[in-house]
Amino acid sequence: MPKWFAPLAVVTAVMFAASPFLIANAPYEATMGLVQKIFYYHLPSAWVFLMSAIVCGIASARFLFGGSPRQDRLAHAAAELTVLFGAIVLVTGPLWARKAWGVWWQWDVRLTSSLMGWMVAWAYLLVRKYGGPGSDKLAAGLALFGMANVPFVYISVNYWRTIHPATSVVPTLPVDMGLALWFAVVCFLLLFVLLLRLRVYLEEQRTRLDGLYLSLDE
Amino acid sequence: MIRTAWLVLKKDLTVEVRSLEIAYTTLFFAISCVLFFAFALVKEGKAPEDGAAGILWIAIAFGGTLALGRTFERERQSETLRALLMAPADRPAIYIGKLLGIIALLVAAELVLVPLVAFLFQAPLLSHPFWLGAVLLTGTIGFATVGTLFSAMLVRARSRDVLLPVLLYPITVPVIIAGVRATAALLQPDVELAIVQFWVALLIALDVVFLTLALWTFEPLMTD
Amino acid sequence: MRVLAPLLLFCLLAGSVFTSASARLSGAGGLQEAQQPKQTDEFVPISQLPPQDQLPAAPLLVTAYAFVWVVLFAYVMSVGRRLTKVQHEVERLESDIAKRTRT
């Protein structure tokens with residue numbers, strides 16, 4: 001593991017421990033009240049979910065056209081993190097929606113396309129696990145299509161009639177809400193970097209193991 | 001390149017016409033789908049309001065998946081795909097040839113399914129034939145584009161029968177949604193063409209994106 | 001690696017303590033009809049929480065934050081478990097190879 005890993009992990013942990021204090025001190029929202037505070041973890045995890053899908057897509061493209069196994073390991077790790085942070089988004093969102101919208105789920109553009117992107121990431125992991133030889137390229141092809149979905153997820157909420165808050169919410173946040181949010185965003189970004197590095201390390205060890213098995217056969 | 005695509009298409013059509021195995025089985029399966037939904041959803045002799053549009057597209061999607069699986073299974077059994085790839089032909093042209101074959105098969109199935117659904121669900125599907133044709137064609141192209149790519153990729157993979165739906169369905173969700181919404185809009189008593197045009201425009205955009213991605217990735221995905 | 005898991009556990013505890021503390025501030029109110037709200041363009045802050053309606057928000061809030069912590073913790077545990085398994089395999093194979101090259 002690289003030298004920056006442990007110190008960054010400590011910093012991230014401390015920041016995460018501090019975030020509830022900032023969130024508790026942020027003002028309540030006029031119509032949604034207490035439940036709106038889920039926003040401070042829901043939005044950063046949504047951003048990390050989308051970013052992870054993009055990382056997976058770019059690494060997959062570089063693997064497909066360049067053949068680098070390092071990019072393949074990165075893509076696999078990023079896909080797993082897409083599933084992880086997607087799960088967080090898709091659970092915290094409905095918990096918030098239950099109170100704010102009165103329903104657990106709505107088949108609007110944002111939710112449907114996010115669920116779809118999440119399923120693509122799941123499909124990636126299934127293909128890697130059960131596809132047999134050549135499944136690394138298959139999954140890479142899939143990841144490219146999944147990445148094409150990401151911009152759509154982000155802007156869809158601005159152009160379709162939907163109940164989900166628009167992207168204009170974030171730039172127009174008042175200062176004390178903004179502070180809590182951006183602090184949480186930094187926390188989640190650092191966490192993403194840490195988890196990605198950790199997961200790639202696992203893949204590197206697996207590659208090393210495969211190499212050892214091969215040399216054993218010789 | 002067009003000549004190569006045309007040759008691949010002609011080869012597929014010739015093989016298929018000889019036995020019509022895939023055509024008949026796909027058609028029968030799609031019709032069974034429609035009937036199944038009819039039995040499941042009809043209450044007191046009446047079908048659900050917007051049921052026709054959804055059921056039509058589900059039948060197309062399921063039938064299409066079956067057709068894709070069978071077409072490439074046939075290629076795998078005779079090792080013809082490997083032969084095709086070893087031929088001095090443009091890889092994208094091979095893809096286009098196979099894609100056109102699949103589209104032809106699905107369109108043939110739809111020619112039977114649309115009247116059947118209209119009949120079973122008393123849906124005025126044939127009131128705007130041009131727009132319905134546009135919706136079905138753009139939707140079928142979108143579905144087939146992704147499907148042909150993934151099926152070709154899966155030919156040498158393990159668990160390919162299970163993996164095709166796993167890969168295909170999440171990606172084609174926007175196509176299916178757009179297709180259903182457009183068809184449902186066409187079934188309304190007073191049709192708002194603007195809505196239909198919007199969904200068709202979205203389908204065209206999706207087709208362009210998927211086709212571009214497929215052509216771009218077909219070569220690296222098919223080489224070992 | 002071994003530092004990360006206990007630290008995340010600490011954060012989980014700290015977070016849940018604080019969210020339950022702030023949850024006690026919320027009041028319960030009478031029933032109100034649920035309407036479909038319009039799409040929001042910006043969040044409007046207020047300083048005092050008005051008397052609330054319908055569902056109590058606190059359990060939803062606590063569940064959301066608890067879920068985030070638990071899932072992140074479970075993931076780190078999962079990666080750690082897989083990592084130790086692979087590392088044991090690697091050590092075993094390396095000693096096997098060393099034995100073979102010696103003989």
# chains A, B, ... in the order shown; residues from 1 in each chain; ligands from 1

call {"tool": "closest_atom_pairs", "arguments": {"of": "chain A", "to": "chain C", "cutoff": "7 Å", "atoms": "only C-alpha atoms", "output": "tab-separated table"}}
result
residue	atom	partner	partner_atom	distance
A:Ala9	CA	C:Leu4	CA	6.4
A:Ala13	CA	C:Leu7	CA	6.1
A:Phe16	CA	C:Cys11	CA	6.4
A:Ala17	CA	C:Cys11	CA	4.7
A:Pro20	CA	C:Gly15	CA	5.7
A:Ala24	CA	C:Ser22	CA	6.3
A:Pro27	CA	C:Ser47	CA	5.6
A:Tyr28	CA	C:Ile46	CA	5.7
A:Glu29	CA	C:Pro45	CA	4.7
A:Ala30	CA	C:Val44	CA	5.6
A:Gly33	CA	C:Leu49	CA	6.5
A:Leu34	CA	C:Ala57	CA	6.2
A:Val35	CA	C:Ala57	CA	5.3
A:Ile38	CA	C:Leu61	CA	6.1
A:Ile88	CA	C:Val68	CA	6.1
A:Thr92	CA	C:Ala64	CA	5.1
A:Leu95	CA	C:Leu60	CA	5.7
A:Trp96	CA	C:Leu60	CA	7.0
A:Lys99	CA	C:Leu55	CA	6.4
A:Trp101	CA	C:Gln36	CA	6.5
A:Gly102	CA	C:Ala34	CA	6.2
A:Thr162	CA	C:Gln39	CA	6.4
A:Ile163	CA	C:Gln39	CA	4.7
A:His164	CA	C:Gln39	CA	6.1
A:Pro165	CA	C:Thr40	CA	5.0
A:Ala166	CA	C:Asp41	CA	5.6
A:Ser168	CA	C:Asp41	CA	5.6
A:Val169	CA	C:Glu42	CA	4.2
A:Thr172	CA	C:Glu42	CA	5.9
A:Leu173	CA	C:Phe43	CA	6.3
A:Arg199	CA	C:Val79	CA	6.8
A:Leu202	CA	C:Leu83	CA	5.6
A:Gln205	CA	C:Val86	CA	6.8
A:Arg206	CA	C:Val86	CA	6.5
A:Leu209	CA	C:Val90	CA	5.6
A:Leu212	CA	C:Leu93	CA	6.8
A:Leu216	CA	C:Ile97	CA	6.8

call {"tool": "select_by_dssp", "arguments": {"residues": "region 17-143 of chain A", "states": "helix (DSSP H, G or I)", "output": "number ranges by chain"}}
result
A: 17-25, 34-66, 69-100, 109-130, 135-143

call {"tool": "residues_around", "arguments": {"residues": "region 19-35 of chain B", "least_positions_apart": "2", "cutoff": "10 Å", "atoms": "only C-alpha atoms", "output": "VMD selection string"}}
result
chain B and resid 13 to 17 37 to 41 52 55 to 71 74 105 to 106 108 to 110 112 to 113 116 to 117 120

call {"tool": "closest_atom_pairs", "arguments": {"of": "chain A", "to": "chain B", "cutoff": "9 Å", "atoms": "only C-alpha atoms", "output": "JSON lines"}}
result
{"residue": "A:Ala61", "atom": "CA", "partner": "B:Thr217", "partner_atom": "CA", "distance": 8.8}
{"residue": "A:Leu64", "atom": "CA", "partner": "B:Pro220", "partner_atom": "CA", "distance": 6.1}
{"residue": "A:Phe65", "atom": "CA", "partner": "B:Pro220", "partner_atom": "CA", "distance": 6.6}
{"residue": "A:Thr112", "atom": "CA", "partner": "B:Val173", "partner_atom": "CA", "distance": 8.9}
{"residue": "A:Ser113", "atom": "CA", "partner": "B:Pro174", "partner_atom": "CA", "distance": 7.9}
{"residue": "A:Leu115", "atom": "CA", "partner": "B:Pro170", "partner_atom": "CA", "distance": 8.9}
{"residue": "A:Met116", "atom": "CA", "partner": "B:Pro170", "partner_atom": "CA", "distance": 5.4}
{"residue": "A:Gly117", "atom": "CA", "partner": "B:Pro170", "partner_atom": "CA", "distance": 7.4}
{"residue": "A:Trp118", "atom": "CA", "partner": "B:Pro170", "partner_atom": "CA", "distance": 8.8}
{"residue": "A:Met119", "atom": "CA", "partner": "B:Pro170", "partner_atom": "CA", "distance": 6.1}
{"residue": "A:Val120", "atom": "CA", "partner": "B:Pro170", "partner_atom": "CA", "distance": 5.8}
{"residue": "A:Trp122", "atom": "CA", "partner": "B:Val166", "partner_atom": "CA", "distance": 8.9}
{"residue": "A:Ala123", "atom": "CA", "partner": "B:Leu167", "partner_atom": "CA", "distance": 5.9}
{"residue": "A:Tyr124", "atom": "CA", "partner": "B:Leu167", "partner_atom": "CA", "distance": 7.8}
{"residue": "A:Leu126", "atom": "CA", "partner": "B:Leu163", "partner_atom": "CA", "distance": 8.2}
{"residue": "A:Val127", "atom": "CA", "partner": "B:Leu163", "partner_atom": "CA", "distance": 7.0}
{"residue": "A:Tyr130", "atom": "CA", "partner": "B:Ser159", "partner_atom": "CA", "distance": 6.9}
{"residue": "A:Gly131", "atom": "CA", "partner": "B:Arg158", "partner_atom": "CA", "distance": 5.0}
{"residue": "A:Gly132", "atom": "CA", "partner": "B:Arg158", "partner_atom": "CA", "distance": 5.1}
{"residue": "A:Pro133", "atom": "CA", "partner": "B:Ala157", "partner_atom": "CA", "distance": 6.5}
{"residue": "A:Gly134", "atom": "CA", "partner": "B:Ala157", "partner_atom": "CA", "distance": 6.7}
{"residue": "A:Ser135", "atom": "CA", "partner": "B:Ala157", "partner_atom": "CA", "distance": 6.9}
{"residue": "A:Lys137", "atom": "CA", "partner": "B:Leu221", "partner_atom": "CA", "distance": 6.1}
{"residue": "A:Leu138", "atom": "CA", "partner": "B:Met153", "partner_atom": "CA", "distance": 6.3}
{"residue": "A:Ala139", "atom": "CA", "partner": "B:Leu167", "partner_atom": "CA", "distance": 8.8}
{"residue": "A:Ala140", "atom": "CA", "partner": "B:Leu221", "partner_atom": "CA", "distance": 8.7}
{"residue": "A:Gly141", "atom": "CA", "partner": "B:Thr217", "partner_atom": "CA", "distance": 6.9}
{"residue": "A:Leu142", "atom": "CA", "partner": "B:Leu167", "partner_atom": "CA", "distance": 7.1}
{"residue": "A:Leu144", "atom": "CA", "partner": "B:Leu213", "partner_atom": "CA", "distance": 7.8}
{"residue": "A:Phe145", "atom": "CA", "partner": "B:Ile171", "partner_atom": "CA", "distance": 7.0}
{"residue": "A:Gly146", "atom": "CA", "partner": "B:Ile171", "partner_atom": "CA", "distance": 7.2}
{"residue": "A:Ala148", "atom": "CA", "partner": "B:Val209", "partner_atom": "CA", "distance": 8.2}
{"residue": "A:Asn149", "atom": "CA", "partner": "B:Ile171", "partner_atom": "CA", "distance": 8.5}

call {"tool": "write_last_selection", "arguments": {"atoms": "C-alpha atoms", "output": "compact mmCIF listing (two decimals), in the first residue's frame"}}
result
# COMPACT_ATOMS: atom_id res chain seq x y z
CA ALA A 61 -12.03 2.04 -22.84
CA LEU A 64 -10.19 -2.36 -24.61
CA PHE A 65 -8.07 -0.21 -26.89
CA THR A 112 -35.25 5.19 -13.29
CA SER A 113 -31.98 6.06 -15.02
CA LEU A 115 -31.50 2.41 -11.05
CA MET A 116 -30.60 1.38 -14.58
CA GLY A 117 -27.01 2.60 -14.19
CA TRP A 118 -26.77 0.68 -10.92
CA MET A 119 -28.00 -2.49 -12.62
CA VAL A 120 -25.41 -2.08 -15.36
CA TRP A 122 -24.20 -5.18 -11.11
CA ALA A 123 -24.22 -6.80 -14.56
CA TYR A 124 -20.52 -5.89 -14.90
CA LEU A 126 -21.81 -10.74 -12.70
CA VAL A 127 -20.08 -10.98 -16.06
CA TYR A 130 -19.48 -15.95 -14.22
CA GLY A 131 -18.46 -15.10 -17.76
CA GLY A 132 -15.43 -17.35 -17.99
CA PRO A 133 -12.48 -16.53 -20.26
CA GLY A 134 -12.77 -13.28 -22.14
CA SER A 135 -15.20 -11.84 -19.62
CA LYS A 137 -13.42 -7.57 -22.40
CA LEU A 138 -17.14 -8.28 -22.30
CA ALA A 139 -17.51 -6.36 -19.09
CA ALA A 140 -15.40 -3.53 -20.49
CA GLY A 141 -17.78 -3.20 -23.43
CA LEU A 142 -20.70 -3.10 -21.03
CA LEU A 144 -18.76 1.87 -21.91
CA PHE A 145 -22.50 1.76 -22.40
CA GLY A 146 -22.98 2.34 -18.70
CA ALA A 148 -22.90 6.82 -21.67
CA ASN A 149 -25.82 6.77 -19.23

call {"tool": "atom_distance", "arguments": {"atom1": "CA of Val200 (chain A)", "atom2": "CA of Met147 (chain A)"}}
result
19.7 Å

call {"tool": "atom_distance", "arguments": {"atom1": "CA of Pro151 (chain A)", "atom2": "CA of Met177 (chain A)"}}
result
25.6 Å

call {"tool": "atom_distance", "arguments": {"atom1": "CA of Ala53 (chain B)", "atom2": "CA of Val180 (chain B)"}}
result
5.4 Å

call {"tool": "residues_around", "arguments": {"residues": "Ala53 (chain A)", "least_positions_apart": "4", "cutoff": "7 Å", "atoms": "only C-alpha atoms", "output": "list in words"}}
result
Phe49, Gly57, Ala78, Ala79, Thr82 and Met147 of chain A

call {"tool": "write_last_selection", "arguments": {"atoms": "C-alpha atoms", "output": "tab-separated table (two decimals), in the first residue's frame"}}
result
chain	number	residue	atom	x	y	z
A	49	PHE	CA	-21.72	6.88	-7.75
A	57	GLY	CA	-15.95	3.53	-18.30
A	78	ALA	CA	-14.55	1.11	-9.90
A	79	ALA	CA	-17.51	-1.07	-10.90
A	82	THR	CA	-20.38	2.03	-8.33
A	147	MET	CA	-20.78	5.42	-18.84
